[in-house]
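Participant: Enclosed is the structure file protein.txt (compact mmCIF, C-alpha atoms and all ligand atoms).
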# COMPACT_ATOMS: atom_id res chain seq x y z
CA MET A 1 0.00 0.00 0.00
CA LYS A 2 0.96 3.67 -0.25
CA ALA A 3 1.57 5.53 2.99
CA VAL A 4 3.28 8.61 4.36
CA ILE A 5 5.82 7.35 6.86
CA ILE A 6 8.42 8.92 9.16
CA LYS A 7 11.76 7.20 9.72
CA LYS A 8 12.97 9.84 12.20
CA HIS A 9 11.63 12.89 14.04
CA GLY A 10 11.97 16.32 12.43
CA GLY A 11 10.27 19.00 10.31
CA PRO A 12 7.71 18.42 7.51
CA ASP A 13 10.45 17.03 5.24
CA VAL A 14 10.64 13.80 7.27
CA LEU A 15 7.18 12.90 5.89
CA SER A 16 7.88 10.47 3.05
CA TYR A 17 5.26 9.08 0.62
CA GLU A 18 6.26 5.47 -0.07
CA GLN A 19 5.15 1.96 -0.93
CA VAL A 20 5.09 -0.07 2.32
CA PRO A 21 3.83 -3.56 3.26
CA ASP A 22 0.08 -3.83 4.01
CA PRO A 23 -0.77 -4.36 7.69
CA VAL A 24 -1.69 -7.96 8.56
CA SER A 25 -4.87 -9.10 10.28
CA GLN A 26 -4.50 -9.57 14.04
CA LYS A 27 -6.87 -11.00 16.63
CA GLY A 28 -9.48 -8.49 17.84
CA HIS A 29 -8.56 -6.05 15.06
CA VAL A 30 -10.04 -5.20 11.69
CA LEU A 31 -8.46 -3.89 8.50
CA VAL A 32 -9.90 -0.59 7.29
CA LYS A 33 -9.39 1.16 3.94
CA VAL A 34 -8.75 4.79 4.87
CA ASN A 35 -10.78 7.29 2.81
CA TYR A 36 -9.89 10.53 4.63
CA CYS A 37 -7.63 11.29 7.57
CA ALA A 38 -7.75 14.72 9.24
CA VAL A 39 -4.53 16.44 10.28
CA ASN A 40 -4.28 17.28 13.98
CA HIS A 41 -1.71 19.13 16.00
CA LEU A 42 -0.85 15.77 17.60
CA ASP A 43 0.60 14.72 14.23
CA ILE A 44 3.05 17.60 14.47
CA TRP A 45 4.01 16.69 18.04
CA VAL A 46 4.70 13.10 17.01
CA ARG A 47 6.53 14.13 13.82
CA ASN A 48 8.75 16.53 15.82
CA GLY A 49 9.19 14.14 18.74
CA ILE A 50 8.77 14.87 22.45
CA LEU A 51 11.42 14.02 25.03
CA GLY A 52 10.47 10.85 26.92
CA LYS A 53 7.86 9.69 24.37
CA SER A 54 8.65 7.10 21.73
CA VAL A 55 7.42 5.53 18.51
CA ILE A 56 8.67 2.53 16.56
CA PHE A 57 10.15 3.67 13.22
CA PRO A 58 9.03 3.62 10.51
CA HIS A 59 5.92 5.20 12.02
CA ILE A 60 2.66 6.30 10.40
CA LEU A 61 0.85 9.38 11.76
CA GLY A 62 -2.87 10.11 11.74
CA CYS A 63 -5.63 9.51 14.29
CA ASP A 64 -8.74 11.03 12.70
CA ILE A 65 -10.06 8.47 10.25
CA CYS A 66 -13.10 7.81 8.08
CA GLY A 67 -12.86 4.62 6.06
CA THR A 68 -14.41 1.38 4.83
CA VAL A 69 -14.12 -1.95 6.63
CA LEU A 70 -12.37 -4.59 4.53
CA GLU A 71 -13.66 -7.55 6.57
CA GLY A 72 -17.04 -8.19 8.17
CA PHE A 73 -17.26 -8.64 11.96
CA GLY A 74 -19.93 -8.21 14.66
CA GLY A 75 -22.62 -5.91 13.29
CA PHE A 76 -20.40 -4.70 10.42
CA LYS A 77 -20.14 -6.13 6.93
CA LYS A 78 -17.36 -5.74 4.38
CA GLY A 79 -17.74 -2.35 2.66
CA ASP A 80 -19.47 -0.53 5.55
CA LYS A 81 -18.42 3.10 5.98
CA ILE A 82 -17.07 3.70 9.47
CA VAL A 83 -15.13 6.16 11.65
CA VAL A 84 -12.40 5.16 14.06
CA TYR A 85 -12.56 6.16 17.73
CA PRO A 86 -8.89 7.08 18.24
CA ALA A 87 -8.15 6.07 21.87
CA VAL A 88 -6.35 2.77 22.53
CA ASP A 89 -5.15 1.02 25.70
CA THR A 90 -1.78 2.12 27.03
CA SER A 91 0.57 0.72 29.63
CA ILE A 92 1.95 4.18 30.47
CA PRO A 93 1.31 4.90 34.17
CA ARG A 94 -1.02 7.84 34.99
CA VAL A 95 -2.05 8.35 31.34
CA SER A 96 -5.68 7.59 30.47
CA PHE A 97 -5.02 6.03 27.04
CA GLY A 98 -2.86 6.05 23.92
CA ILE A 99 -3.92 7.42 20.54
CA ILE A 100 -3.82 5.65 17.16
CA GLY A 101 -0.99 7.14 15.07
CA GLY A 102 0.28 8.99 18.14
CA PHE A 103 3.09 7.97 20.45
CA GLY A 104 2.96 4.22 21.06
CA LYS A 105 2.64 1.13 18.92
CA TYR A 106 -0.42 1.86 16.74
CA LYS A 107 0.25 3.01 13.17
CA GLY A 108 -2.12 5.73 11.94
CA GLY A 109 -4.25 6.78 9.02
CA TYR A 110 -1.73 8.44 6.67
CA ALA A 111 -1.95 5.09 4.83
CA GLU A 112 -4.28 3.28 2.47
CA ILE A 113 -4.95 0.49 4.98
CA ILE A 114 -4.88 0.51 8.78
CA SER A 115 -5.39 -2.18 11.41
CA VAL A 116 -7.49 -1.00 14.38
CA PRO A 117 -9.15 -2.70 17.35
CA MET A 118 -12.71 -3.80 16.45
CA LYS A 119 -13.99 -2.05 19.57
CA ASN A 120 -12.86 1.31 18.11
CA ILE A 121 -15.11 1.05 15.05
CA ILE A 122 -18.26 3.22 14.89
CA LYS A 123 -20.74 3.39 11.98
CA LYS A 124 -20.26 6.58 9.96
CA PRO A 125 -23.32 8.81 10.38
CA ILE A 126 -25.00 8.75 6.95
CA TRP A 127 -25.81 12.46 7.01
CA LEU A 128 -22.07 13.32 7.10
CA SER A 129 -19.81 13.07 4.06
CA ASP A 130 -16.63 10.99 4.47
CA LYS A 131 -14.63 14.22 4.69
CA GLU A 132 -16.87 15.63 7.41
CA ALA A 133 -16.89 12.37 9.36
CA ALA A 134 -13.08 12.33 9.41
CA ALA A 135 -13.00 15.89 10.78
CA ILE A 136 -14.89 15.13 13.98
CA ASN A 137 -13.22 12.30 15.90
CA VAL A 138 -10.51 14.39 17.55
CA SER A 139 -11.05 18.19 17.52
CA TYR A 140 -14.85 18.05 17.79
CA LEU A 141 -14.82 15.25 20.35
CA THR A 142 -12.27 17.12 22.47
CA ALA A 143 -14.20 20.40 22.21
CA TRP A 144 -17.41 18.54 23.15
CA ASN A 145 -15.70 16.95 26.16
CA MET A 146 -14.26 20.34 27.18
CA LEU A 147 -17.67 22.01 26.96
CA GLU A 148 -19.20 19.24 29.06
CA LYS A 149 -16.39 19.57 31.61
CA SER A 150 -16.86 23.39 31.67
CA ARG A 151 -20.36 22.77 33.12
CA CYS A 152 -21.59 25.88 31.28
CA LYS A 153 -25.35 26.38 31.04
CA LYS A 154 -27.35 28.25 28.42
CA GLY A 155 -26.56 31.97 28.67
CA ASP A 156 -23.15 31.51 30.34
CA THR A 157 -20.14 33.28 28.85
CA ILE A 158 -17.17 31.29 27.55
CA LEU A 159 -13.80 32.40 26.20
CA ILE A 160 -12.48 30.29 23.30
CA TRP A 161 -8.86 30.72 22.20
CA GLY A 162 -7.65 30.15 18.63
CA ALA A 163 -10.94 30.48 16.72
CA ASN A 164 -9.29 29.20 13.52
CA SER A 165 -7.91 26.01 15.07
CA GLY A 166 -9.52 22.59 14.84
CA VAL A 167 -10.46 22.62 18.53
CA GLY A 168 -11.35 26.35 18.61
CA SER A 169 -13.64 26.32 15.56
CA ALA A 170 -15.34 23.15 16.84
CA ALA A 171 -15.84 24.72 20.28
CA ILE A 172 -17.43 27.84 18.75
CA LEU A 173 -19.94 25.81 16.71
CA LEU A 174 -20.85 23.50 19.60
CA ALA A 175 -20.96 26.26 22.25
CA LYS A 176 -23.26 28.33 20.00
CA ALA A 177 -25.60 25.39 19.61
CA LYS A 178 -25.65 24.99 23.41
CA GLY A 179 -26.76 28.63 23.77
CA LEU A 180 -23.55 30.00 25.32
CA LYS A 181 -22.29 33.55 24.85
CA ILE A 182 -18.94 33.26 23.09
CA ILE A 183 -15.88 35.48 23.21
CA ALA A 184 -13.42 34.12 20.63
CA VAL A 185 -9.77 35.06 20.16
CA THR A 186 -8.24 35.52 16.70
CA SER A 187 -5.03 37.01 15.37
CA ASP A 188 -5.98 38.77 12.13
CA LYS A 189 -8.85 40.38 10.21
CA ASN A 190 -9.70 37.37 8.05
CA LYS A 191 -9.89 34.99 11.05
CA THR A 192 -12.05 37.61 12.80
CA ILE A 193 -14.57 37.67 9.93
CA LEU A 194 -14.73 33.86 9.82
CA ALA A 195 -15.09 33.53 13.61
CA LYS A 196 -18.00 35.96 13.54
CA LYS A 197 -19.63 33.92 10.74
CA LEU A 198 -19.29 30.76 12.85
CA GLY A 199 -21.31 32.38 15.62
CA ALA A 200 -18.91 34.04 18.07
CA ASP A 201 -20.71 36.91 19.83
CA PHE A 202 -17.54 38.92 20.48
CA ILE A 203 -14.10 38.63 18.93
CA VAL A 204 -10.83 39.79 20.41
CA ASP A 205 -8.06 40.16 17.83
CA ARG A 206 -4.98 39.53 19.95
CA SER A 207 -2.75 41.20 17.34
CA THR A 208 -4.35 44.58 18.13
CA LYS A 209 -5.96 44.19 21.58
CA ASP A 210 -4.93 43.13 25.08
CA VAL A 211 -7.03 39.99 25.64
CA THR A 212 -7.31 40.37 29.43
CA LEU A 213 -8.46 44.00 29.30
CA GLU A 214 -10.85 43.35 26.45
CA VAL A 215 -12.50 40.29 28.03
CA LEU A 216 -12.92 42.12 31.34
CA ARG A 217 -14.39 45.12 29.49
CA LEU A 218 -16.84 42.88 27.61
CA THR A 219 -17.96 41.23 30.88
CA ASN A 220 -18.21 44.46 32.95
CA GLN A 221 -15.11 43.35 34.92
CA VAL A 222 -16.95 40.21 36.15
CA GLY A 223 -15.03 37.71 33.99
CA VAL A 224 -16.17 34.62 32.10
CA ASP A 225 -17.79 31.42 33.39
CA ALA A 226 -15.29 29.22 31.58
CA VAL A 227 -12.32 29.20 29.21
CA ILE A 228 -11.50 26.64 26.50
CA ASP A 229 -7.69 26.69 26.51
CA HIS A 230 -5.81 24.52 24.00
CA VAL A 231 -2.86 26.90 23.60
CA GLY A 232 -0.98 26.33 26.87
CA ALA A 233 1.91 28.28 28.37
CA LYS A 234 1.26 31.64 26.67
CA THR A 235 -2.49 31.71 27.38
CA TRP A 236 -2.85 30.06 30.83
CA PRO A 237 -2.03 33.28 32.76
CA VAL A 238 -4.74 35.20 30.85
CA SER A 239 -7.22 32.32 30.95
CA LEU A 240 -7.00 32.16 34.75
CA GLU A 241 -7.04 35.94 35.14
CA VAL A 242 -10.30 36.44 33.18
CA LEU A 243 -12.27 33.72 35.01
CA LYS A 244 -15.09 34.98 37.20
CA VAL A 245 -15.53 33.78 40.80
CA LYS A 246 -15.85 29.95 40.69
CA GLY A 247 -15.01 29.98 36.96
CA ARG A 248 -13.54 26.91 35.19
CA MET A 249 -10.58 26.77 32.84
CA VAL A 250 -10.60 23.59 30.75
CA SER A 251 -7.22 22.75 29.23
CA CYS A 252 -6.34 20.24 26.52
CA GLY A 253 -3.21 21.45 24.82
CA THR A 254 0.25 22.95 24.96
CA THR A 255 0.76 24.47 21.49
CA THR A 256 2.89 27.26 23.03
CA GLY A 257 4.57 25.12 25.69
CA GLY A 258 3.76 23.03 28.72
CA GLU A 259 5.06 25.16 31.59
CA ALA A 260 3.18 28.32 32.52
CA LEU A 261 3.75 31.05 35.10
CA VAL A 262 0.37 31.82 36.68
CA ASN A 263 -0.99 33.99 39.47
CA ILE A 264 -1.87 31.37 42.10
CA ARG A 265 -3.26 33.92 44.58
CA SER A 266 -5.73 35.30 42.04
CA PHE A 267 -6.68 31.69 41.17
CA TYR A 268 -7.50 30.48 44.68
CA SER A 269 -9.05 33.72 45.89
CA LYS A 270 -11.84 33.35 43.35
CA GLU A 271 -12.13 29.59 43.98
CA ALA A 272 -11.54 28.85 40.31
CA GLN A 273 -10.94 25.38 38.86
CA ILE A 274 -8.50 24.00 36.30
CA ILE A 275 -9.82 20.90 34.53
CA GLY A 276 -7.88 18.65 32.16
CA ALA A 277 -9.54 17.17 29.06
CA TYR A 278 -8.09 14.36 26.99
CA LEU A 279 -10.04 13.53 23.82
CA GLY A 280 -13.36 12.14 25.11
CA SER A 281 -15.01 8.73 25.42
CA LYS A 282 -16.45 6.56 22.65
CA SER A 283 -19.94 7.15 24.05
CA GLN A 284 -19.31 10.92 23.98
CA LEU A 285 -18.42 10.58 20.27
CA VAL A 286 -21.75 8.86 19.64
CA SER A 287 -23.61 11.59 21.62
CA LEU A 288 -21.70 14.23 19.66
CA HIS A 289 -22.84 12.70 16.35
CA LYS A 290 -26.45 12.83 17.63
CA PHE A 291 -26.10 16.43 18.86
CA MET A 292 -24.58 17.59 15.57
CA LYS A 293 -27.38 15.90 13.62
CA LEU A 294 -30.06 17.43 15.86
CA LYS A 295 -28.56 20.93 15.64
CA LYS A 296 -27.64 20.54 11.94
CA ILE A 297 -23.97 21.32 12.63
CA ARG A 298 -21.43 20.49 9.93
CA PRO A 299 -17.71 20.64 10.71
CA VAL A 300 -15.67 23.49 9.30
CA ILE A 301 -13.25 22.18 6.68
CA ASP A 302 -10.42 24.45 5.59
CA SER A 303 -8.81 22.34 2.87
CA VAL A 304 -8.20 18.85 1.50
CA PHE A 305 -4.73 17.69 0.42
CA ASP A 306 -3.77 14.48 -1.37
CA LEU A 307 -2.02 12.03 0.97
CA LYS A 308 1.23 12.48 -0.97
CA ASP A 309 1.13 16.22 -0.14
CA ALA A 310 0.99 15.68 3.64
CA LYS A 311 4.10 17.91 3.98
CA ASP A 312 2.16 20.90 2.62
CA ALA A 313 -0.75 20.16 4.94
CA HIS A 314 1.64 20.15 7.93
CA LYS A 315 3.27 23.40 6.80
CA LYS A 316 -0.14 25.05 6.55
CA MET A 317 -1.04 23.98 10.07
CA GLU A 318 2.32 25.03 11.51
CA GLU A 319 1.87 28.50 9.98
CA SER A 320 -1.66 28.62 11.51
CA ASN A 321 -2.78 29.45 8.02
CA GLN A 322 -6.06 27.51 8.23
CA PHE A 323 -9.59 28.09 9.45
CA GLY A 324 -11.04 24.75 10.54
CA LYS A 325 -9.88 21.25 9.70
CA ILE A 326 -7.19 20.28 7.21
CA LEU A 327 -7.80 16.84 5.67
CA LEU A 328 -5.82 14.30 3.70
CA GLN A 329 -7.61 12.40 0.97
CA VAL A 330 -6.15 8.91 1.13
CA SER A 331 -8.37 6.97 -1.31
CA ASN A 332 -11.69 7.54 -3.06
N1 LIG B 401 -6.06 16.76 24.89
C1 LIG B 401 -6.56 16.32 23.76
O1 LIG B 401 -7.20 15.28 23.71
C2 LIG B 401 -6.38 17.13 22.52
C3 LIG B 401 -7.18 16.89 21.40
C4 LIG B 401 -7.04 17.73 20.28
C5 LIG B 401 -6.09 18.74 20.29
N2 LIG B 401 -5.30 18.90 21.40
C6 LIG B 401 -4.30 19.96 21.45
O2 LIG B 401 -4.97 21.20 21.28
C7 LIG B 401 -4.14 22.10 20.57
C8 LIG B 401 -4.89 22.61 19.35
O3 LIG B 401 -5.01 21.57 18.41
P1 LIG B 401 -5.52 21.85 16.92
O4 LIG B 401 -5.37 20.60 16.16
O5 LIG B 401 -6.85 22.51 17.02
O6 LIG B 401 -4.38 22.89 16.47
P2 LIG B 401 -4.26 23.98 15.37
O7 LIG B 401 -5.45 23.87 14.46
O8 LIG B 401 -2.89 23.88 14.84
O9 LIG B 401 -4.36 25.36 16.17
C9 LIG B 401 -3.35 26.02 16.87
C10 LIG B 401 -3.97 27.30 17.45
O10 LIG B 401 -3.11 27.86 18.42
C11 LIG B 401 -3.30 29.27 18.38
N3 LIG B 401 -2.13 29.95 18.94
C12 LIG B 401 -0.84 29.73 18.64
N4 LIG B 401 -0.04 30.55 19.38
C13 LIG B 401 -0.89 31.32 20.13
C14 LIG B 401 -0.69 32.33 21.09
N5 LIG B 401 0.55 32.75 21.43
N6 LIG B 401 -1.76 32.89 21.67
C15 LIG B 401 -3.01 32.49 21.34
N7 LIG B 401 -3.27 31.52 20.44
C16 LIG B 401 -2.22 30.92 19.84
C17 LIG B 401 -3.47 29.57 16.90
O11 LIG B 401 -4.20 30.78 16.79
P3 LIG B 401 -3.66 32.02 15.91
O12 LIG B 401 -3.76 31.66 14.47
O13 LIG B 401 -4.59 33.09 16.33
O14 LIG B 401 -2.24 32.23 16.32
C18 LIG B 401 -4.30 28.37 16.42
O15 LIG B 401 -5.65 28.71 16.51
C19 LIG B 401 -2.84 21.34 20.23
O16 LIG B 401 -1.89 21.64 21.22
C20 LIG B 401 -3.28 19.89 20.33
O17 LIG B 401 -2.21 19.02 20.61
C21 LIG B 401 -5.43 18.11 22.49
Could you write out this file's structure as structure tokens?
Ligand SMILES: NC(=O)c1ccc[n+]([C@@H]2O[C@H](COP(=O)([O-])OP(=O)(O)OC[C@H]3O[C@@H](n4cnc5c(N)ncnc54)[C@H](OP(=O)(O)O)[C@@H]3O)[C@@H](O)[C@H]2O)c1
Facilitator:
Amino acid sequence: MKAVIIKKHGGPDVLSYEQVPDPVSQKGHVLVKVNYCAVNHLDIWVRNGILGKSVIFPHILGCDICGTVLEGFGGFKKGDKIVVYPAVDTSIPRVSFGIIGGFGKYKGGYAEIISVPMKNIIKKPIWLSDKEAAAINVSYLTAWNMLEKSRCKKGDTILIWGANSGVGSAAILLAKAKGLKIIAVTSDKNKTILAKKLGADFIVDRSTKDVTLEVLRLTNQVGVDAVIDHVGAKTWPVSLEVLKVKGRMVSCGTTTGGEALVNIRSFYSKEAQIIGAYLGSKSQLVSLHKFMKLKKIRPVIDSVFDLKDAKDAHKKMEESNQFGKILLQVSN
């Protein structure tokens, strides 16, 4: 089969489109023909490498998959369209699970065929195209989990960083459908226009405005009920500062680094909470599909690249030059 593999960690140039052996059937697993695989920031972390985390080279990235089962099993027959729930068992202590195509032993979806545990297979919702179905399993599931963990109710105010990102754009769409008041952060005029179109009530362009001052102004100095923070070190201090009394910051990412300097006194004196979110459960993915159908939400897709052009897709994401999900078309 054709696949994009990495033989070492590094920049986009380590992504190599090659002929590789097909995966073989294993007990409890099923072979899936990959139709689309979305690009996620995790792919960049794994491609670059993180100290203390390992993969077995050659490795195949990609955790966000819509495909076709090549063998029947359980309630599935050969040819059924499916999506892959990306979490897999891990033996790493104090980590909830591993992720397909992430660090660990599972090869991912930048390949024509993938072997995944049968228990990770979910029927593709028929009302979503293959492209749309591949865009949901990571960013949308994580945003959904974060919104649930934020415990926001209709009418509450939420701050969402990085409106153009996979997680940020998903959070805006889902938060809007839940009736929340959204303050979204962007970094240029075009992203501001698109964030407004998605449904953000207020936008703060961080390239021209101080986010803390602006959020406090917009909330009459009260602060927000919750923050969706996927950016990490650079945004944590602001995220905690703009929380109202008993506010919740939900964190899922470290795009700008994993060690932040925060004001602990301000944090405890308003009895705020920091909550971690890691992907979401398989049952949350099924509930998310139902919610999106009910509310007629379709994922925001920025662009589709051919699998062989995965390098360009990575470059686009690293330049934050997208609005919504970037996808790889693997087969038709
Ligand atoms: N825990 C989980 O299960 C989970 C699941 C999915 C994703 N994640 C993590 O969540 C993060 C986002 O993932 P993604 O795939 O959505 O990434 P992405 O599409 O590449 O988005 C990156 C975002 O970071 C923003 N950003 C970068 N520097 C910033 C700064 N200094 N201040 C404010 N915003 C900044 C960018 O906004 P601008 O364009 O405005 O700079 C952009 O919106 C990644 O770290 C990823 O690993 C975690």
Participant: Throw together the list of residues within 6 Å of ligand LIG 401 (chain B), counting all atoms listed in the file, and drop it here as a PyMOL selection string.
Facilitator: chain A and resi 40-42+138-139+142+161-167+186-187+230-231+234-235+252-256+277-279+317+320
Participant: Hey, what's within 12 Å of segment 146-148 of chain A if we count only C-alpha atoms and toss same-chain stuff fewer than 6 positions away? As a ChimeraX atom specification, please?
Facilitator: /A:138-140,154,156-160,167-168,170-180,182,225-230,248-253,274-281,284,287-288
Participant: Could you jot down the atom CA of Gly247 of chain A to atom CA of Leu141 of chain A separation for me, Å, one decimal place?
Facilitator: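 Computed distance, atom CA of Gly247 of chain A to atom CA of Leu141 of chain A, equals 22.2 Å.
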Participant: Rounded to one decimal, what separation in Å do you get between atom CA of Val30 of chain A and atom CA of Ile114 of chain A?
Facilitator: 8.2 Å
Participant: Please provide as a PyMOL selection string all residues within 12 Å of Leu213 of chain A, with the sequence filter that same-chain residues fewer than 3 positions apart are discarded (counting only C-alpha atoms).
Facilitator: chain A and resi 204+206+208-210+216-223+238-239+241-242
Participant: Save the residues we just selected, C-alpha atoms, as a PDB file, keeping the file's coordinate frame?
Facilitator:
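Generated output (selection.pdb):
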ATOM      1  CA  VAL A 204     -10.830  39.790  20.410  1.00  0.00           C
ATOM      2  CA  ARG A 206      -4.980  39.530  19.950  1.00  0.00           C
ATOM      3  CA  THR A 208      -4.350  44.580  18.130  1.00  0.00           C
ATOM      4  CA  LYS A 209      -5.960  44.190  21.580  1.00  0.00           C
ATOM      5  CA  ASP A 210      -4.930  43.130  25.080  1.00  0.00           C
ATOM      6  CA  LEU A 216     -12.920  42.120  31.340  1.00  0.00           C
ATOM      7  CA  ARG A 217     -14.390  45.120  29.490  1.00  0.00           C
ATOM      8  CA  LEU A 218     -16.840  42.880  27.610  1.00  0.00           C
ATOM      9  CA  THR A 219     -17.960  41.230  30.880  1.00  0.00           C
ATOM     10  CA  ASN A 220     -18.210  44.460  32.950  1.00  0.00           C
ATOM     11  CA  GLN A 221     -15.110  43.350  34.920  1.00  0.00           C
ATOM     12  CA  VAL A 222     -16.950  40.210  36.150  1.00  0.00           C
ATOM     13  CA  GLY A 223     -15.030  37.710  33.990  1.00  0.00           C
ATOM     14  CA  VAL A 238      -4.740  35.200  30.850  1.00  0.00           C
ATOM     15  CA  SER A 239      -7.220  32.320  30.950  1.00  0.00           C
ATOM     16  CA  GLU A 241      -7.040  35.940  35.140  1.00  0.00           C
ATOM     17  CA  VAL A 242     -10.300  36.440  33.180  1.00  0.00           C
TER      18      VAL A 242
END
Participant: Would you work out the distance separating atom CA of Lys124 of chain A from atom CA of Leu70 of chain A, expressed in Å to one decimal?
Facilitator: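 About the pair atom CA of Lys124 of chain A and atom CA of Leu70 of chain A: they are 14.7 Å apart.
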Participant: Identify which of the residues A:Val95, A:Val330, A:Val116, A:Leu194 lies closest to Val4 of chain A, counting all atoms listed in the file when measuring atom-to-atom distances.
Facilitator: A:Val330
Participant: Using all atoms listed in the file and a cutoff of 10 Å, can you tell me which residues are near (-5.4, 15.5, -5.8) in the file's coordinates, and write them out as a short mmCIF file (atom, residue, chain, number, x, y, z; two decimals) with C-alpha atoms, in the frame of the given file?
Facilitator:
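Result written to part.cif:
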data_model
loop_
_atom_site.label_atom_id
_atom_site.label_comp_id
_atom_site.auth_asym_id
_atom_site.auth_seq_id
_atom_site.Cartn_x
_atom_site.Cartn_y
_atom_site.Cartn_z
CA VAL A 304 -8.20 18.85 1.50
CA PHE A 305 -4.73 17.69 0.42
CA ASP A 306 -3.77 14.48 -1.37
CA LEU A 307 -2.02 12.03 0.97
CA LYS A 308 1.23 12.48 -0.97
CA ASP A 309 1.13 16.22 -0.14
CA LEU A 328 -5.82 14.30 3.70
CA GLN A 329 -7.61 12.40 0.97
CA VAL A 330 -6.15 8.91 1.13
#
Participant: Any idea what's packed within 7 Å of segment 31-36 of chain A, counting all atoms listed in the file, ignoring anything in its chain fewer than 4 positions away? Could you give it as a PyMOL selection string?
Facilitator: chain A and resi 25+65-71+109+111-116+130-131+134+327-332
Participant: When you look at Phe267 of chain A with a cut-off of 9 Å (counting all atoms listed in the file), what residues show up, excluding the ones that are within fewer than 6 positions of it in the same chain? I need them as a list of chain:residue names.
Facilitator: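 After dropping sequence-adjacent residues, the list is A:Leu240, A:Glu241, A:Leu243, A:Gln273.
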Participant: Neighbouring residues of Gly74 of chain A were defined as those with any atom within 10 Å, considering all atoms listed in the file; residues of the same chain fewer than 3 positions away were excluded. Please report them as a PDB file with C-alpha atoms, in the frame of the given file.
Facilitator:
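Generated output (around.pdb):
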ATOM      1  CA  LYS A  77     -20.140  -6.130   6.930  1.00  0.00           C
ATOM      2  CA  MET A 118     -12.710  -3.800  16.450  1.00  0.00           C
ATOM      3  CA  LYS A 119     -13.990  -2.050  19.570  1.00  0.00           C
TER       4      LYS A 119
END
Participant: When you count all atoms listed in the file, which of these residues is closest to Pro117 of chain A: A:His29, A:Arg94, A:Lys316, A:Gly155?
Facilitator: A:His29
Participant: From the set A:Ser169, A:Gly101, A:Leu285, A:Ile297, which residue has the shortest atom-to-atom contact distance to Ala200 of chain A, counting all atoms listed in the file?
Facilitator: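 When distances to Ala200 of chain A are compared using all atoms listed in the file, the smallest one comes from A:Ser169.
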Participant: Have a look at A:Asp80, A:Asp43, A:Asp188, A:Asp64 and name the one nearest to Phe103 of chain A; count only C-alpha atoms.
Facilitator: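 For Phe103 of chain A, the nearest of the candidates is A:Asp43.
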Participant: Identify the residues around (8.7, 9.0, 11.1) within a radius of 10 Å, measuring from all atoms listed in the file in the coordinates stated by the file, and give them as a list in words.
Facilitator: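 Collected hits near the coordinates: Val4, Ile5, Ile6, Lys7, Lys8, His9, Gly10, Val14, Leu15, Ser16, Val46, Arg47, Asn48, Gly49, Val55, Ile56, Phe57, Pro58, His59, Ile60 and Leu61 of chain A.
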Participant: Just write the chosen residues, C-alpha atoms, as a tab-separated table (two decimals), in the frame of the given file.
Facilitator:
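Here's the written file part.tsv:
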chain	number	residue	atom	x	y	z
A	4	VAL	CA	3.28	8.61	4.36
A	5	ILE	CA	5.82	7.35	6.86
A	6	ILE	CA	8.42	8.92	9.16
A	7	LYS	CA	11.76	7.20	9.72
A	8	LYS	CA	12.97	9.84	12.20
A	9	HIS	CA	11.63	12.89	14.04
A	10	GLY	CA	11.97	16.32	12.43
A	14	VAL	CA	10.64	13.80	7.27
A	15	LEU	CA	7.18	12.90	5.89
A	16	SER	CA	7.88	10.47	3.05
A	46	VAL	CA	4.70	13.10	17.01
A	47	ARG	CA	6.53	14.13	13.82
A	48	ASN	CA	8.75	16.53	15.82
A	49	GLY	CA	9.19	14.14	18.74
A	55	VAL	CA	7.42	5.53	18.51
A	56	ILE	CA	8.67	2.53	16.56
A	57	PHE	CA	10.15	3.67	13.22
A	58	PRO	CA	9.03	3.62	10.51
A	59	HIS	CA	5.92	5.20	12.02
A	60	ILE	CA	2.66	6.30	10.40
A	61	LEU	CA	0.85	9.38	11.76
Participant: Need the axis-aligned box for segment 241-252 of chain A with 4 Å each side, so what are the centre and edges in Å to one decimal, as AutoDock Vina command-line options?
Facilitator:
--center_x -11.1 --center_y 28.3 --center_z 33.7 --size_x 17.5 --size_y 24.2 --size_z 22.3
Participant: Have segment 314-319 of chain A completed to N, CA, C and O atoms, please, and pass it along as an mmCIF file, keeping the file's coordinate frame.
Facilitator:
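Saved the output as out-v1.cif:
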data_model
loop_
_atom_site.group_PDB
_atom_site.id
_atom_site.type_symbol
_atom_site.label_atom_id
_atom_site.label_comp_id
_atom_site.auth_asym_id
_atom_site.auth_seq_id
_atom_site.Cartn_x
_atom_site.Cartn_y
_atom_site.Cartn_z
ATOM 1 N N HIS A 314 0.976 19.863 6.647
ATOM 2 C CA HIS A 314 1.640 20.150 7.930
ATOM 3 C C HIS A 314 2.146 21.587 7.969
ATOM 4 O O HIS A 314 2.033 22.276 8.976
ATOM 5 N N LYS A 315 2.728 22.023 6.829
ATOM 6 C CA LYS A 315 3.270 23.400 6.800
ATOM 7 C C LYS A 315 2.137 24.393 7.031
ATOM 8 O O LYS A 315 2.287 25.348 7.780
ATOM 9 N N LYS A 316 1.005 24.141 6.397
ATOM 10 C CA LYS A 316 -0.140 25.050 6.550
ATOM 11 C C LYS A 316 -0.560 25.129 8.017
ATOM 12 O O LYS A 316 -0.813 26.204 8.551
ATOM 13 N N MET A 317 -0.628 23.984 8.663
ATOM 14 C CA MET A 317 -1.040 23.980 10.070
ATOM 15 C C MET A 317 0.004 24.665 10.948
ATOM 16 O O MET A 317 -0.326 25.442 11.841
ATOM 17 N N GLU A 318 1.271 24.425 10.666
ATOM 18 C CA GLU A 318 2.320 25.030 11.510
ATOM 19 C C GLU A 318 2.372 26.546 11.349
ATOM 20 O O GLU A 318 2.799 27.249 12.252
ATOM 21 N N GLU A 319 1.922 27.033 10.178
ATOM 22 C CA GLU A 319 1.870 28.500 9.980
ATOM 23 C C GLU A 319 0.558 29.071 10.503
ATOM 24 O O GLU A 319 0.307 30.256 10.390
#
